[in-house]
file work.cif (mmCIF, C-alpha atoms and all ligand atoms)
data_input
#
loop_
_atom_site.label_atom_id
_atom_site.label_comp_id
_atom_site.auth_asym_id
_atom_site.auth_seq_id
_atom_site.Cartn_x
_atom_site.Cartn_y
_atom_site.Cartn_z
CA LEU Z 1 19.23 -36.36 -10.07
CA PHE Z 2 18.42 -35.63 -13.65
CA LEU Z 3 14.95 -34.50 -12.67
CA ASN Z 4 16.35 -32.20 -10.00
CA HIS Z 5 18.60 -30.60 -12.57
CA PHE Z 6 15.73 -30.36 -14.95
CA PHE Z 7 13.66 -28.43 -12.44
CA PHE Z 8 16.58 -26.25 -11.45
CA TYR Z 9 17.01 -25.03 -15.00
CA PHE Z 10 13.42 -25.20 -16.12
CA LYS Z 11 11.75 -24.34 -12.85
CA PRO Z 12 8.19 -23.42 -13.59
CA LYS Z 13 7.42 -19.78 -12.95
CA ILE Z 14 4.11 -18.36 -11.87
CA THR Z 15 2.39 -15.00 -11.95
CA ILE Z 16 1.59 -13.49 -8.56
CA THR Z 17 -0.85 -10.62 -8.17
CA ILE Z 18 -1.24 -8.50 -5.03
CA ASP Z 19 -4.26 -6.21 -4.94
CA GLY Z 20 -5.85 -4.25 -2.15
CA TRP Z 21 -6.65 -0.92 -0.55
CA SER Z 22 -4.30 2.06 -0.57
CA SER Z 23 -1.39 1.87 1.86
CA CYS Z 24 -1.87 -1.60 3.21
CA GLY Z 25 1.66 -2.68 2.48
CA LYS Z 26 1.16 -4.27 -0.93
CA SER Z 27 4.39 -2.98 -2.39
CA THR Z 28 6.46 -3.93 0.66
CA LEU Z 29 5.21 -7.50 0.47
CA ALA Z 30 5.45 -7.66 -3.33
CA LYS Z 31 9.07 -6.45 -3.31
CA GLN Z 32 10.14 -8.92 -0.63
CA LEU Z 33 8.31 -11.82 -2.21
CA ALA Z 34 9.86 -11.08 -5.62
CA LYS Z 35 13.31 -11.01 -4.07
CA VAL Z 36 12.86 -14.36 -2.31
CA LEU Z 37 11.59 -16.03 -5.49
CA GLY Z 38 14.01 -14.25 -7.83
CA TYR Z 39 11.06 -12.75 -9.69
CA VAL Z 40 10.54 -9.33 -11.25
CA TYR Z 41 8.53 -6.87 -9.17
CA ILE Z 42 6.32 -4.33 -10.91
CA ASP Z 43 4.48 -1.54 -9.12
CA SER Z 44 1.47 -0.88 -11.36
CA GLY Z 45 0.36 2.10 -9.24
CA ALA Z 46 3.63 3.82 -10.15
CA MET Z 47 2.46 3.83 -13.78
CA TYR Z 48 -0.75 5.69 -12.93
CA ARG Z 49 1.27 8.06 -10.76
CA ALA Z 50 3.79 8.73 -13.57
CA ILE Z 51 0.96 9.43 -16.03
CA THR Z 52 -0.58 11.82 -13.48
CA LEU Z 53 2.78 13.57 -13.09
CA TYR Z 54 2.99 14.03 -16.86
CA PHE Z 55 -0.56 15.41 -17.02
CA LEU Z 56 0.11 17.89 -14.21
CA ARG Z 57 3.44 19.07 -15.60
CA ASN Z 58 2.03 19.55 -19.07
CA HIS Z 59 -1.28 21.05 -17.97
CA ILE Z 60 -3.31 18.35 -19.68
CA ASP Z 61 -7.06 18.75 -19.23
CA TRP Z 62 -7.90 15.11 -18.49
CA THR Z 63 -11.61 15.67 -18.91
CA ASP Z 64 -10.84 16.18 -22.61
CA GLU Z 65 -10.56 12.79 -24.31
CA LYS Z 66 -8.61 14.12 -27.28
CA GLU Z 67 -6.02 15.80 -25.08
CA VAL Z 68 -5.60 12.63 -23.05
CA THR Z 69 -5.11 10.46 -26.14
CA GLU Z 70 -2.52 12.86 -27.55
CA ALA Z 71 -0.71 13.05 -24.22
CA LEU Z 72 -0.59 9.25 -23.89
CA ASN Z 73 1.07 9.09 -27.33
CA ASN Z 74 3.90 11.16 -25.88
CA ILE Z 75 4.40 9.07 -22.78
CA SER Z 76 6.92 6.28 -22.53
CA ILE Z 77 7.20 4.35 -19.29
CA GLU Z 78 9.99 1.95 -18.40
CA PHE Z 79 11.22 0.16 -15.29
CA HIS Z 80 14.95 -0.21 -14.65
CA TYR Z 81 16.59 -2.06 -11.81
CA ASN Z 82 18.68 0.16 -9.54
CA ASP Z 83 21.61 -1.74 -8.01
CA VAL Z 84 21.94 0.76 -5.16
CA SER Z 85 18.31 0.82 -3.98
CA GLN Z 86 17.98 -2.83 -5.09
CA GLN Z 87 14.61 -2.29 -6.66
CA SER Z 88 13.14 -1.54 -10.05
CA GLU Z 89 12.43 2.15 -10.50
CA ILE Z 90 10.09 3.87 -12.88
CA TYR Z 91 11.18 6.15 -15.73
CA LEU Z 92 8.91 8.63 -17.46
CA ASN Z 93 10.28 9.59 -20.89
CA GLY Z 94 13.78 8.69 -19.75
CA GLU Z 95 13.62 10.49 -16.38
CA ASN Z 96 13.71 8.61 -13.08
CA VAL Z 97 10.49 9.68 -11.34
CA GLU Z 98 10.39 6.93 -8.71
CA TYR Z 99 10.55 9.44 -5.87
CA VAL Z 100 8.60 12.47 -7.15
CA ILE Z 101 5.53 10.38 -7.87
CA ARG Z 102 5.16 9.53 -4.15
CA ASP Z 103 4.23 13.14 -3.37
CA LEU Z 104 0.79 13.89 -1.93
CA VAL Z 105 0.18 16.29 -4.87
CA ILE Z 106 0.19 13.23 -7.13
CA ALA Z 107 -1.79 11.09 -4.66
CA GLU Z 108 -4.53 13.71 -4.68
CA LYS Z 109 -5.11 13.39 -8.44
CA VAL Z 110 -4.05 9.87 -9.32
CA SER Z 111 -7.37 8.15 -8.65
CA ASP Z 112 -9.18 10.50 -11.04
CA VAL Z 113 -6.58 9.90 -13.74
CA ALA Z 114 -6.66 6.13 -13.13
CA ALA Z 115 -10.42 6.10 -13.70
CA ILE Z 116 -10.05 7.24 -17.34
CA GLU Z 117 -10.66 4.44 -19.83
CA SER Z 118 -7.84 5.30 -22.27
CA VAL Z 119 -5.37 5.69 -19.41
CA ARG Z 120 -6.30 2.24 -18.12
CA SER Z 121 -6.01 0.51 -21.47
CA PHE Z 122 -2.63 2.19 -22.01
CA ALA Z 123 -1.33 1.00 -18.62
CA VAL Z 124 -2.91 -2.47 -18.70
CA ALA Z 125 -1.42 -3.26 -22.13
CA GLN Z 126 2.06 -2.51 -20.82
CA GLN Z 127 1.48 -4.45 -17.60
CA GLN Z 128 0.39 -7.51 -19.58
CA LYS Z 129 3.50 -7.24 -21.77
CA LEU Z 130 5.74 -7.06 -18.71
CA GLY Z 131 4.14 -10.24 -17.35
CA MET Z 132 4.29 -12.20 -20.61
CA TYR Z 133 6.98 -14.61 -19.37
CA LYS Z 134 5.58 -15.01 -15.84
CA GLY Z 135 8.06 -14.95 -12.95
CA ILE Z 136 6.51 -11.67 -11.88
CA VAL Z 137 4.92 -10.16 -8.78
CA MET Z 138 2.71 -7.19 -9.62
CA ASP Z 139 0.75 -5.11 -7.14
CA GLY Z 140 -2.17 -2.77 -7.74
CA ARG Z 141 -5.95 -2.66 -7.69
CA ASP Z 142 -7.08 -4.75 -10.67
CA ILE Z 143 -4.14 -7.04 -11.31
CA GLY Z 144 -5.91 -10.25 -10.29
CA THR Z 145 -9.21 -9.26 -11.88
CA THR Z 146 -8.28 -7.55 -15.16
CA VAL Z 147 -4.56 -7.58 -15.88
CA PHE Z 148 -3.78 -11.24 -15.09
CA PRO Z 149 -7.12 -13.00 -14.52
CA ASP Z 150 -5.32 -16.36 -14.98
CA ALA Z 151 -2.57 -15.72 -12.43
CA GLU Z 152 -1.63 -18.81 -10.43
CA LEU Z 153 -1.52 -16.93 -7.13
CA LYS Z 154 -3.71 -13.97 -6.24
CA ILE Z 155 -3.39 -12.18 -2.92
CA PHE Z 156 -5.82 -9.55 -1.68
CA MET Z 157 -4.52 -7.38 1.15
CA THR Z 158 -6.47 -5.49 3.76
CA ALA Z 159 -5.71 -3.69 7.01
CA ASP Z 160 -7.68 -1.43 9.35
CA THR Z 161 -7.96 2.13 8.10
CA ALA Z 162 -6.39 3.61 11.25
CA VAL Z 163 -3.34 1.38 10.83
CA ARG Z 164 -3.04 2.26 7.16
CA VAL Z 165 -3.28 5.99 7.87
CA GLU Z 166 -0.62 5.72 10.56
CA ARG Z 167 1.77 3.85 8.27
CA ARG Z 168 1.36 6.22 5.33
CA PHE Z 169 1.59 9.26 7.60
CA LYS Z 170 4.95 8.10 8.99
CA GLU Z 171 6.25 7.55 5.47
CA LEU Z 172 5.13 10.97 4.17
CA TYR Z 173 6.05 12.85 7.35
CA ALA Z 174 9.66 11.73 7.03
CA LYS Z 175 9.82 13.61 3.73
CA ASN Z 176 7.54 16.53 4.60
CA PRO Z 177 7.01 17.47 8.27
CA ASN Z 178 4.27 19.93 7.31
CA ILE Z 179 1.91 17.13 6.45
CA THR Z 180 -1.01 16.43 8.79
CA ILE Z 181 -2.62 13.14 9.71
CA GLU Z 182 -6.02 14.50 8.53
CA GLU Z 183 -4.65 15.19 5.05
CA VAL Z 184 -3.32 11.67 4.82
CA LYS Z 185 -6.55 10.14 6.15
CA ASN Z 186 -8.72 12.17 3.77
CA ASN Z 187 -6.57 11.23 0.80
CA LEU Z 188 -6.63 7.54 1.70
CA GLU Z 189 -10.40 7.42 2.15
CA MET Z 190 -10.98 9.40 -1.03
CA ARG Z 191 -8.76 7.08 -3.07
CA ASP Z 192 -10.36 3.95 -1.60
CA TYR Z 193 -13.74 5.36 -2.54
CA ILE Z 194 -12.84 6.37 -6.10
CA ASP Z 195 -10.78 3.21 -6.75
CA SER Z 196 -13.55 0.88 -5.65
CA ASN Z 197 -16.43 2.79 -7.24
CA ARG Z 198 -15.08 3.64 -10.68
CA LYS Z 199 -16.78 2.13 -13.73
CA ILE Z 200 -13.78 0.40 -15.31
CA SER Z 201 -11.93 -2.30 -13.37
CA PRO Z 202 -12.84 -1.13 -9.88
CA LEU Z 203 -10.88 -2.48 -6.92
CA ARG Z 204 -12.38 -5.90 -6.17
CA LYS Z 205 -11.15 -9.05 -4.55
CA ALA Z 206 -10.94 -11.65 -7.33
CA GLU Z 207 -13.04 -14.72 -6.54
CA ASP Z 208 -9.97 -16.92 -6.36
CA ALA Z 209 -7.85 -14.45 -4.38
CA ILE Z 210 -6.57 -15.27 -0.91
CA GLU Z 211 -7.05 -12.52 1.62
CA ILE Z 212 -4.28 -11.40 3.97
CA ASP Z 213 -5.30 -8.94 6.67
CA ASN Z 214 -2.06 -7.52 8.01
CA THR Z 215 -3.46 -5.26 10.73
CA ASN Z 216 -1.78 -7.41 13.36
CA LEU Z 217 0.95 -9.03 11.31
CA SER Z 218 4.61 -8.13 11.26
CA MET Z 219 6.34 -7.79 7.89
CA GLU Z 220 8.09 -11.11 8.51
CA GLU Z 221 4.79 -12.85 9.28
CA GLN Z 222 3.06 -11.58 6.17
CA LEU Z 223 6.05 -12.51 4.02
CA ARG Z 224 6.08 -16.02 5.51
CA LYS Z 225 2.39 -16.43 4.66
CA ALA Z 226 2.95 -15.28 1.08
CA ILE Z 227 6.00 -17.53 0.61
CA ASP Z 228 3.99 -20.52 1.86
CA LEU Z 229 1.22 -19.76 -0.60
CA ALA Z 230 3.69 -19.42 -3.48
CA GLU Z 231 5.52 -22.62 -2.55
CA LYS Z 232 2.26 -24.54 -2.46
CA LYS Z 233 1.39 -23.36 -5.96
CA LEU Z 234 4.88 -24.10 -7.28
CA LYS Z 235 4.85 -27.60 -5.80
CA ARG Z 236 1.63 -28.34 -7.58
CA LEU Z 237 3.21 -27.33 -10.89
CA ALA Z 238 6.46 -29.24 -10.37
O1 LIG V 301 -0.64 1.64 -5.36
P1 LIG V 301 -0.63 3.16 -5.40
O2 LIG V 301 -1.19 3.80 -4.17
O3 LIG V 301 0.71 3.71 -5.76
O4 LIG V 301 -1.62 3.53 -6.61
C1 LIG V 301 -1.92 4.85 -6.93
C2 LIG V 301 -3.29 4.93 -7.57
O5 LIG V 301 -3.28 4.33 -8.85
C3 LIG V 301 -4.42 4.28 -6.80
O6 LIG V 301 -5.05 5.17 -5.90
C4 LIG V 301 -5.36 3.82 -7.89
C5 LIG V 301 -4.50 3.66 -9.10
N1 LIG V 301 -4.24 2.27 -9.45
C6 LIG V 301 -5.16 1.63 -10.23
O7 LIG V 301 -6.20 2.19 -10.54
N2 LIG V 301 -4.93 0.37 -10.67
C7 LIG V 301 -3.81 -0.28 -10.33
N3 LIG V 301 -3.59 -1.51 -10.78
C8 LIG V 301 -2.85 0.36 -9.49
C9 LIG V 301 -3.11 1.63 -9.06
#
call {"tool": "encode", "arguments": {"input": "work.cif", "output": "structure tokens", "more": "lines below"}}
Ligand code: DC
result
Amino acid sequence: LFLNHFFFYFKPKITITIDGWSSCGKSTLAKQLAKVLGYVYIDSGAMYRAITLYFLRNHIDWTDEKEVTEALNNISIEFHYNDVSQQSEIYLNGENVEYVIRDLVIAEKVSDVAAIESVRSFAVAQQQKLGMYKGIVMDGRDIGTTVFPDAELKIFMTADTAVRVERRFKELYAKNPNITIEEVKNNLEMRDYIDSNRKISPLRKAEDAIEIDNTNLSMEEQLRKAIDLAEKKLKRLA
């Protein structure tokens, strides 16, 4: 009994990373998994999107290193939990930008911005700070390779391109009926290319990552798989 109590109060917590291609459902899985485990969920892509939003709004020439460094000094990024949407939302200099950063205008530029060395070290430092106490699920492109190379559980997600395009199209079309499937497909393929070919921390499956291909999986099935993986790791620690 004592031991049970001990583990209830001092339950070991792990770090879970979810990396993979654009629009393969990383954030959906990460959010659900965090909820089940009572962990914090952090969307690292939102950080690169918020930085891109700042650069666009303030006409920052991101090919100019000095301008980028100065701009980063003026950027503060925070995540706050929203009780209504029941998720953590991103704030750029005090403004909730969770929804504006999902726009295709941002998606078209974010991979270029995310390839800049100073932008990456700025974002990675904050991501590592957020994960200091474990009990976190973070999704992105380099979380298992660069941000938390020692994470206890690393998941790498894939899905067929056609399925990914379809899913993202539905999501964007709901907000903007002028959008075409070609635009969405082009953006997805371009981001996959840039994200996996950039010099610093390109998208890679970490050697110890477990792959989940969700082309033919329902959301419930993929969540079940992830929970099983997490439980196995936690059991080993207990
Ligand atoms: O996950 P997302 O689609 O919101 O990410 C937007 C972009 O940010 C993605 O195309 C590449 C970049 N990104 C990154 O370089 N590293 C991460 N850890 C997360 C995102």
call {"tool": "residues_near_ligand", "arguments": {"input": "work.cif", "ligand": "ligand LIG 301 (chain V)", "cutoff": "6 Å", "atoms": "all atoms listed in the file", "output": "list in words"}}
result
Ser22, Ser44, Gly45, Ala46, Tyr48, Arg49, Val110, Ser111, Ala114, Gly140, Arg141, Asp142, Ile143, Arg191 and Asp195 of chain Z
call {"tool": "residues_around", "arguments": {"input": "work.cif", "residues": "range 30-35 of chain Z", "least_positions_apart": "3", "cutoff": "12 Å", "atoms": "only C-alpha atoms", "output": "JSON, numbers by chain"}}
result
{"Z": [13, 14, 15, 16, 17, 18, 19, 20, 24, 25, 26, 27, 38, 39, 40, 41, 42, 43, 44, 85, 86, 87, 88, 89, 134, 135, 136, 137, 138, 139, 140, 154, 155, 156, 157, 219, 220, 221, 222, 223, 224, 225, 226, 227, 228, 229, 230, 231]}
call {"tool": "write_last_selection", "arguments": {"input": "work.cif", "atoms": "C-alpha atoms", "output": "PDB file, keeping the file's coordinate frame"}}
result
ATOM      1  CA  LYS Z  13       7.420 -19.780 -12.950  1.00  0.00           C
ATOM      2  CA  ILE Z  14       4.110 -18.360 -11.870  1.00  0.00           C
ATOM      3  CA  THR Z  15       2.390 -15.000 -11.950  1.00  0.00           C
ATOM      4  CA  ILE Z  16       1.590 -13.490  -8.560  1.00  0.00           C
ATOM      5  CA  THR Z  17      -0.850 -10.620  -8.170  1.00  0.00           C
ATOM      6  CA  ILE Z  18      -1.240  -8.500  -5.030  1.00  0.00           C
ATOM      7  CA  ASP Z  19      -4.260  -6.210  -4.940  1.00  0.00           C
ATOM      8  CA  GLY Z  20      -5.850  -4.250  -2.150  1.00  0.00           C
ATOM      9  CA  CYS Z  24      -1.870  -1.600   3.210  1.00  0.00           C
ATOM     10  CA  GLY Z  25       1.660  -2.680   2.480  1.00  0.00           C
ATOM     11  CA  LYS Z  26       1.160  -4.270  -0.930  1.00  0.00           C
ATOM     12  CA  SER Z  27       4.390  -2.980  -2.390  1.00  0.00           C
ATOM     13  CA  GLY Z  38      14.010 -14.250  -7.830  1.00  0.00           C
ATOM     14  CA  TYR Z  39      11.060 -12.750  -9.690  1.00  0.00           C
ATOM     15  CA  VAL Z  40      10.540  -9.330 -11.250  1.00  0.00           C
ATOM     16  CA  TYR Z  41       8.530  -6.870  -9.170  1.00  0.00           C
ATOM     17  CA  ILE Z  42       6.320  -4.330 -10.910  1.00  0.00           C
ATOM     18  CA  ASP Z  43       4.480  -1.540  -9.120  1.00  0.00           C
ATOM     19  CA  SER Z  44       1.470  -0.880 -11.360  1.00  0.00           C
ATOM     20  CA  SER Z  85      18.310   0.820  -3.980  1.00  0.00           C
ATOM     21  CA  GLN Z  86      17.980  -2.830  -5.090  1.00  0.00           C
ATOM     22  CA  GLN Z  87      14.610  -2.290  -6.660  1.00  0.00           C
ATOM     23  CA  SER Z  88      13.140  -1.540 -10.050  1.00  0.00           C
ATOM     24  CA  GLU Z  89      12.430   2.150 -10.500  1.00  0.00           C
ATOM     25  CA  LYS Z 134       5.580 -15.010 -15.840  1.00  0.00           C
ATOM     26  CA  GLY Z 135       8.060 -14.950 -12.950  1.00  0.00           C
ATOM     27  CA  ILE Z 136       6.510 -11.670 -11.880  1.00  0.00           C
ATOM     28  CA  VAL Z 137       4.920 -10.160  -8.780  1.00  0.00           C
ATOM     29  CA  MET Z 138       2.710  -7.190  -9.620  1.00  0.00           C
ATOM     30  CA  ASP Z 139       0.750  -5.110  -7.140  1.00  0.00           C
ATOM     31  CA  GLY Z 140      -2.170  -2.770  -7.740  1.00  0.00           C
ATOM     32  CA  LYS Z 154      -3.710 -13.970  -6.240  1.00  0.00           C
ATOM     33  CA  ILE Z 155      -3.390 -12.180  -2.920  1.00  0.00           C
ATOM     34  CA  PHE Z 156      -5.820  -9.550  -1.680  1.00  0.00           C
ATOM     35  CA  MET Z 157      -4.520  -7.380   1.150  1.00  0.00           C
ATOM     36  CA  MET Z 219       6.340  -7.790   7.890  1.00  0.00           C
ATOM     37  CA  GLU Z 220       8.090 -11.110   8.510  1.00  0.00           C
ATOM     38  CA  GLU Z 221       4.790 -12.850   9.280  1.00  0.00           C
ATOM     39  CA  GLN Z 222       3.060 -11.580   6.170  1.00  0.00           C
ATOM     40  CA  LEU Z 223       6.050 -12.510   4.020  1.00  0.00           C
ATOM     41  CA  ARG Z 224       6.080 -16.020   5.510  1.00  0.00           C
ATOM     42  CA  LYS Z 225       2.390 -16.430   4.660  1.00  0.00           C
ATOM     43  CA  ALA Z 226       2.950 -15.280   1.080  1.00  0.00           C
ATOM     44  CA  ILE Z 227       6.000 -17.530   0.610  1.00  0.00           C
ATOM     45  CA  ASP Z 228       3.990 -20.520   1.860  1.00  0.00           C
ATOM     46  CA  LEU Z 229       1.220 -19.760  -0.600  1.00  0.00           C
ATOM     47  CA  ALA Z 230       3.690 -19.420  -3.480  1.00  0.00           C
ATOM     48  CA  GLU Z 231       5.520 -22.620  -2.550  1.00  0.00           C
TER      49      GLU Z 231
END
call {"tool": "closest_residue", "arguments": {"input": "work.cif", "among": "Z:Asn178, Z:Ser23, Z:Leu29, Z:Ala151", "to": "Val163 in chain Z", "atoms": "all atoms listed in the file"}}
result
Z:Ser23
call {"tool": "atom_distance", "arguments": {"input": "work.cif", "atom1": "CA of Val165 in chain Z", "atom2": "CA of Val100 in chain Z"}}
result
20.2 Å
call {"tool": "atom_distance", "arguments": {"input": "work.cif", "atom1": "CA of Gln128 in chain Z", "atom2": "CA of Tyr193 in chain Z"}}
result
25.6 Å
call {"tool": "closest_residue", "arguments": {"input": "work.cif", "among": "Z:Leu130, Z:Leu56, Z:Ile194, Z:Leu172", "to": "Ala115 in chain Z", "atoms": "only C-alpha atoms"}}
result
Z:Ile194
